[in-house]
Amino acid sequence: MQPFEEILASVKSKCTHSEAVADETATPKAIRIHADDLLSVMPELLNHPSLYFDMLSCITGIDNGPGHDMEIAYNLYSIPFGHHLMIKVKLDRDEPKIESVTHLWRSANWLEREIFDMYGVIFLNHPDLRRILMPADWEGHPLRKDYKHQDYYRDIKVEY
Amino acid sequence: MAQNTVQYKYKPGNLLASAPNKLRAESLRAEEMIINLGPQHPSTHGVLRLELLMEGEIVREVVPHIGYLHRCFEKHAENLPYSQVIPFVDRLDYVAAMNNEHVYAMGVERMLGIDQQIPKRVEYVRVLVAELNRIASHFIAVGTYGMDIGAFTPFFWIMRDREHILRLLEWASGSRLLYNYIWIGGLFYDLPVGFEERCAEFVQYIKPKMAELETVLLKNEIFIRRTANVGVLSRDLAINCGVTGPILRASGLRFDLRRVDGYSVYPELDFEIPVGTGEMGTPGDCWDRTYVRVQEIYESLKIITQCLDKLNGEHKRTRDFDPQALLPKKVRPKAQDFYVRAEIPKGELGFFFRADGKSDVPFRCKCRSCSFVNLSVVPELAKGILIADLIAIIGSIDVVMGEVDR
């Protein structure tokens, strides 16, 4: 198994905007990078012959509440080498924007759409950024911590 | 007074505003048309709506629309203590609830650091019931798939046999489908007295029925013609799309998390991982996907037999055994991010937890559901095929909408 330090070193070599930081409390071990470095780090993780993270299992949006930031966590797995990695990115909560990785892993397509639906994160250069679970005319993004649901949806009382 | 009984504000544009088609009628070329398939359609396995761009009988583009069964699982999970989320987890993939519970309980136990202390008997019971439920889920997949493409009899046979599994699980847990049986740190009850014998009888009963099923469905000429070489999913595309489970294995990759991650007691058990070989057509076609599921039923039967041996021998029931002994009084993991994954019948079920270390409620609980990701491969598969083949493809993907929409 590729030691985490080597993965961290190759990620660090690709980061230009700020230093990549390891988070060893996370399972699998995580690396926190700057959002602007995403498109230089992710192709390296996918294409580097000794990393080769060919499966993007999960993308999670996390909202830390008003006054804090928003985060995206990517869970990567390499089938030939059997190593795991979590990449974490912080976003500005008022205007969350990040590059899409759909051109690298197609599984990102729907996972990113779900985060757009639930958190209102805009994925730049996403091929088809529409709401996926909620109706298209729903107001707000339900998984935000300060979400207040609308009182009526077409005269149907919205109860929770 | 006669009141208007329509409870919502009807406007002609409502449908288009809430679930708009991606394709526009204005941009159609000659001979093209837009067809709406679902959400109420028997072959879409629940409430899945497909927007099809057709040219005669040829499908040019498929746009799936989901969300009709969205029940806010993640929002609920953020408002409930860890232990109370389990009934919601049942309702994700409602035909394989034991497997979901197993994954969830395992994840929380690992976060708490008690996963090594779980008694072996509890682990074997968990694997036993999970494998029983895996068989039930594959029965549904294979049976309804046969019915989708015109084989009616296997469905009834399979439902009859599935009933035995449901009754066994009802005996153990008290309910037929949504069990709430596997708890964090243990089980609700120990197995009822006599369960092992009945379960062994079931294994004996089901084996000849499986041979029957193979003859009547898998080796059936009509079935082969409908499924072989249809919806071929190449291995590389499958991996890139994040597809897991029997679909990935049918594409020729021997990848099963029970073996790869070796969680619970699976490393102590002896079982094979069937893969698709293209016996009737091309590797990764619809026939292979069904074949892999049927083979997995045999493997699950093997696992069940081994579990029963252990539960009758080494980890026999004792009078003082309490499956709830290790239940944590307070489920409060340290502050951390945690991703757990395991194999359920449809593929990799993952949970992403963020614990803040201060409360019994998960700060974030994301469910990475396999049906959701597997379904996203349908638009890739369904380009330039016949509409009848599209039905065959959707059935072979085996989606459960409860898990897609969460």
# chains A, B, ... in the order shown; residues from 1 in each chain; ligands from 1
>>> interface_residues(of="chain A", to="chain B", cutoff="7 Å", atoms="only C-alpha atoms", output="number ranges by chain")
A: 25-28, 54-58, 60, 62, 105-107, 110, 132-137, 143, 154-156
>>> residues_around(residues="Gly82 of chain A", least_positions_apart="3", cutoff="10 Å", atoms="only C-alpha atoms", output="number ranges by chain")
A: 1-2, 51-53, 77-79; B: 260-261
>>> select_by_dssp(residues="segment 215-349 of chain B", states="helix (DSSP H, G or I)", output="PyMOL selection string")
chain B and resi 215-218+221-227+235-240+246-250+257-260+266-268+286-312
>>> write_last_selection(atoms="C-alpha atoms", output="PDB file, in the first residue's frame")
ATOM      1  CA  THR B 215     -33.083 -23.892 -16.208  1.00  0.00           C
ATOM      2  CA  VAL B 216     -36.264 -21.929 -16.561  1.00  0.00           C
ATOM      3  CA  LEU B 217     -34.746 -18.440 -16.676  1.00  0.00           C
ATOM      4  CA  LEU B 218     -31.001 -18.204 -17.262  1.00  0.00           C
ATOM      5  CA  GLU B 221     -33.550 -19.281 -25.159  1.00  0.00           C
ATOM      6  CA  ILE B 222     -35.927 -16.312 -25.121  1.00  0.00           C
ATOM      7  CA  PHE B 223     -34.249 -14.835 -22.066  1.00  0.00           C
ATOM      8  CA  ILE B 224     -30.812 -15.221 -23.613  1.00  0.00           C
ATOM      9  CA  ARG B 225     -31.914 -13.520 -26.799  1.00  0.00           C
ATOM     10  CA  ARG B 226     -33.387 -10.621 -24.896  1.00  0.00           C
ATOM     11  CA  THR B 227     -30.335 -10.057 -22.677  1.00  0.00           C
ATOM     12  CA  ARG B 235     -14.966  -2.436 -17.315  1.00  0.00           C
ATOM     13  CA  ASP B 236     -13.220   0.906 -17.686  1.00  0.00           C
ATOM     14  CA  LEU B 237     -16.456   2.812 -18.135  1.00  0.00           C
ATOM     15  CA  ALA B 238     -17.932   1.015 -15.142  1.00  0.00           C
ATOM     16  CA  ILE B 239     -15.034   2.023 -12.894  1.00  0.00           C
ATOM     17  CA  ASN B 240     -15.035   5.592 -14.167  1.00  0.00           C
ATOM     18  CA  PRO B 246     -22.851  -7.203  -9.302  1.00  0.00           C
ATOM     19  CA  ILE B 247     -22.821  -4.772 -12.239  1.00  0.00           C
ATOM     20  CA  LEU B 248     -19.108  -4.089 -11.883  1.00  0.00           C
ATOM     21  CA  ARG B 249     -18.386  -7.770 -11.359  1.00  0.00           C
ATOM     22  CA  ALA B 250     -20.425  -8.660 -14.444  1.00  0.00           C
ATOM     23  CA  LEU B 257     -15.760  -5.282  -0.664  1.00  0.00           C
ATOM     24  CA  ARG B 258     -16.467  -8.324   1.505  1.00  0.00           C
ATOM     25  CA  ARG B 259     -13.170  -9.671   0.226  1.00  0.00           C
ATOM     26  CA  VAL B 260     -11.294  -6.426  -0.492  1.00  0.00           C
ATOM     27  CA  TYR B 266     -15.893 -12.363   6.185  1.00  0.00           C
ATOM     28  CA  PRO B 267     -12.135 -13.128   6.216  1.00  0.00           C
ATOM     29  CA  GLU B 268     -12.933 -16.308   8.184  1.00  0.00           C
ATOM     30  CA  CYS B 286     -27.475  -7.875 -19.189  1.00  0.00           C
ATOM     31  CA  TRP B 287     -27.256 -11.655 -19.154  1.00  0.00           C
ATOM     32  CA  ASP B 288     -23.971 -11.512 -17.256  1.00  0.00           C
ATOM     33  CA  ARG B 289     -25.435  -9.201 -14.645  1.00  0.00           C
ATOM     34  CA  THR B 290     -28.271 -11.624 -13.978  1.00  0.00           C
ATOM     35  CA  TYR B 291     -25.891 -14.569 -14.032  1.00  0.00           C
ATOM     36  CA  VAL B 292     -23.620 -12.941 -11.441  1.00  0.00           C
ATOM     37  CA  ARG B 293     -26.602 -12.347  -9.149  1.00  0.00           C
ATOM     38  CA  VAL B 294     -27.711 -15.955  -9.384  1.00  0.00           C
ATOM     39  CA  GLN B 295     -24.194 -17.173  -8.687  1.00  0.00           C
ATOM     40  CA  GLU B 296     -23.978 -14.852  -5.704  1.00  0.00           C
ATOM     41  CA  ILE B 297     -27.051 -16.519  -4.245  1.00  0.00           C
ATOM     42  CA  TYR B 298     -25.121 -19.799  -4.238  1.00  0.00           C
ATOM     43  CA  GLU B 299     -22.186 -18.097  -2.543  1.00  0.00           C
ATOM     44  CA  SER B 300     -24.471 -16.570   0.072  1.00  0.00           C
ATOM     45  CA  LEU B 301     -25.890 -20.029   0.747  1.00  0.00           C
ATOM     46  CA  LYS B 302     -22.334 -21.247   1.329  1.00  0.00           C
ATOM     47  CA  ILE B 303     -21.727 -18.406   3.778  1.00  0.00           C
ATOM     48  CA  ILE B 304     -24.978 -19.139   5.586  1.00  0.00           C
ATOM     49  CA  THR B 305     -24.029 -22.791   5.995  1.00  0.00           C
ATOM     50  CA  GLN B 306     -20.666 -21.831   7.462  1.00  0.00           C
ATOM     51  CA  CYS B 307     -22.271 -19.302   9.801  1.00  0.00           C
ATOM     52  CA  LEU B 308     -24.728 -21.929  10.988  1.00  0.00           C
ATOM     53  CA  ASP B 309     -21.856 -24.336  11.686  1.00  0.00           C
ATOM     54  CA  LYS B 310     -20.159 -21.687  13.811  1.00  0.00           C
ATOM     55  CA  LEU B 311     -23.376 -20.737  15.585  1.00  0.00           C
ATOM     56  CA  ASN B 312     -24.070 -24.393  16.382  1.00  0.00           C
TER      57      ASN B 312
END
>>> residues_around(residues="segment 150-154 of chain B", least_positions_apart="3", cutoff="10 Å", atoms="only C-alpha atoms", output="list in words")
Phe139, Val142, Gly143, Thr144, Tyr145, Gly146, Met147, Trp157, Ile158, Met159, Arg160, Glu212, Leu213, Glu214, Val216, Leu217, Asn220, Ile222, Phe223 and Arg226 of chain B
>>> residues_around(residues="segment 192-195 of chain B", least_positions_apart="4", cutoff="12 Å", atoms="only C-alpha atoms", output="PyMOL selection string")
chain B and resi 125+128-129+165+167-174+188+199-202+308+311-312+316-319
>>> write_last_selection(atoms="C-alpha atoms", output="compact mmCIF listing (two decimals), in the first residue's frame")
# COMPACT_ATOMS: atom_id res chain seq x y z
CA VAL B 125 -25.55 -13.58 13.53
CA LEU B 128 -26.11 -14.69 8.74
CA VAL B 129 -29.09 -12.35 8.60
CA ILE B 165 -36.57 -15.82 4.08
CA ARG B 167 -40.58 -15.37 7.64
CA LEU B 168 -37.23 -16.39 9.08
CA LEU B 169 -36.24 -12.75 9.48
CA GLU B 170 -39.64 -11.92 10.93
CA TRP B 171 -39.14 -14.65 13.47
CA ALA B 172 -35.78 -13.18 14.44
CA SER B 173 -36.66 -9.50 14.47
CA GLY B 174 -40.43 -9.12 14.51
CA PHE B 188 -31.90 -6.34 19.34
CA CYS B 199 -32.41 -21.96 8.50
CA ALA B 200 -30.51 -25.12 7.63
CA GLU B 201 -33.76 -26.61 6.36
CA PHE B 202 -34.23 -23.55 4.18
CA LEU B 308 -24.73 -21.93 10.99
CA LEU B 311 -23.38 -20.74 15.58
CA ASN B 312 -24.07 -24.39 16.38
CA LYS B 316 -23.15 -21.77 20.49
CA ARG B 317 -25.92 -19.98 22.28
CA THR B 318 -25.52 -19.88 26.04
CA ARG B 319 -28.07 -19.03 28.67
>>> residues_around(residues="segment 144-147 of chain A", least_positions_apart="2", cutoff="6 Å", atoms="only C-alpha atoms", output="list of chain:residue names")
A:Asp63, A:Gly65, A:Tyr119, A:Pro142
>>> write_last_selection(atoms="N, CA and C atoms", output="compact mmCIF listing (two decimals), in the first residue's frame")
# COMPACT_ATOMS: atom_id res chain seq x y z
N ASP A 63 -21.88 21.69 5.53
CA ASP A 63 -22.09 23.10 5.85
C ASP A 63 -21.79 23.28 7.33
N GLY A 65 -22.31 25.92 9.07
CA GLY A 65 -23.20 26.88 9.71
C GLY A 65 -22.84 28.31 9.41
N TYR A 119 -26.96 22.19 -1.25
CA TYR A 119 -26.17 23.25 -0.63
C TYR A 119 -26.06 24.50 -1.49
N PRO A 142 -31.89 22.65 1.10
CA PRO A 142 -32.37 22.09 2.37
C PRO A 142 -31.30 21.69 3.37
>>> atom_distance(atom1="atom CA of Lys29 of chain A", atom2="atom CA of Leu8 of chain A")
10.1 Å
>>> residues_around(residues="Gly245 of chain B", least_positions_apart="5", cutoff="7 Å", atoms="only C-alpha atoms", output="PyMOL selection string")
chain B and resi 256+345-348
>>> write_last_selection(atoms="C-alpha atoms", output="short mmCIF file (atom, residue, chain, number, x, y, z; two decimals), in the first residue's frame")
data_model
loop_
_atom_site.label_atom_id
_atom_site.label_comp_id
_atom_site.auth_asym_id
_atom_site.auth_seq_id
_atom_site.Cartn_x
_atom_site.Cartn_y
_atom_site.Cartn_z
CA ASP B 256 -16.17 -7.39 -3.79
CA PRO B 345 -26.50 -6.53 -2.63
CA LYS B 346 -26.44 -3.61 -5.04
CA GLY B 347 -22.90 -2.45 -4.51
CA GLU B 348 -20.92 -0.17 -2.26
#
>>> closest_residue(among="A:Arg113, A:Lys12, A:His126, A:His68", to="Lys90 of chain A", atoms="only C-alpha atoms")
A:His68
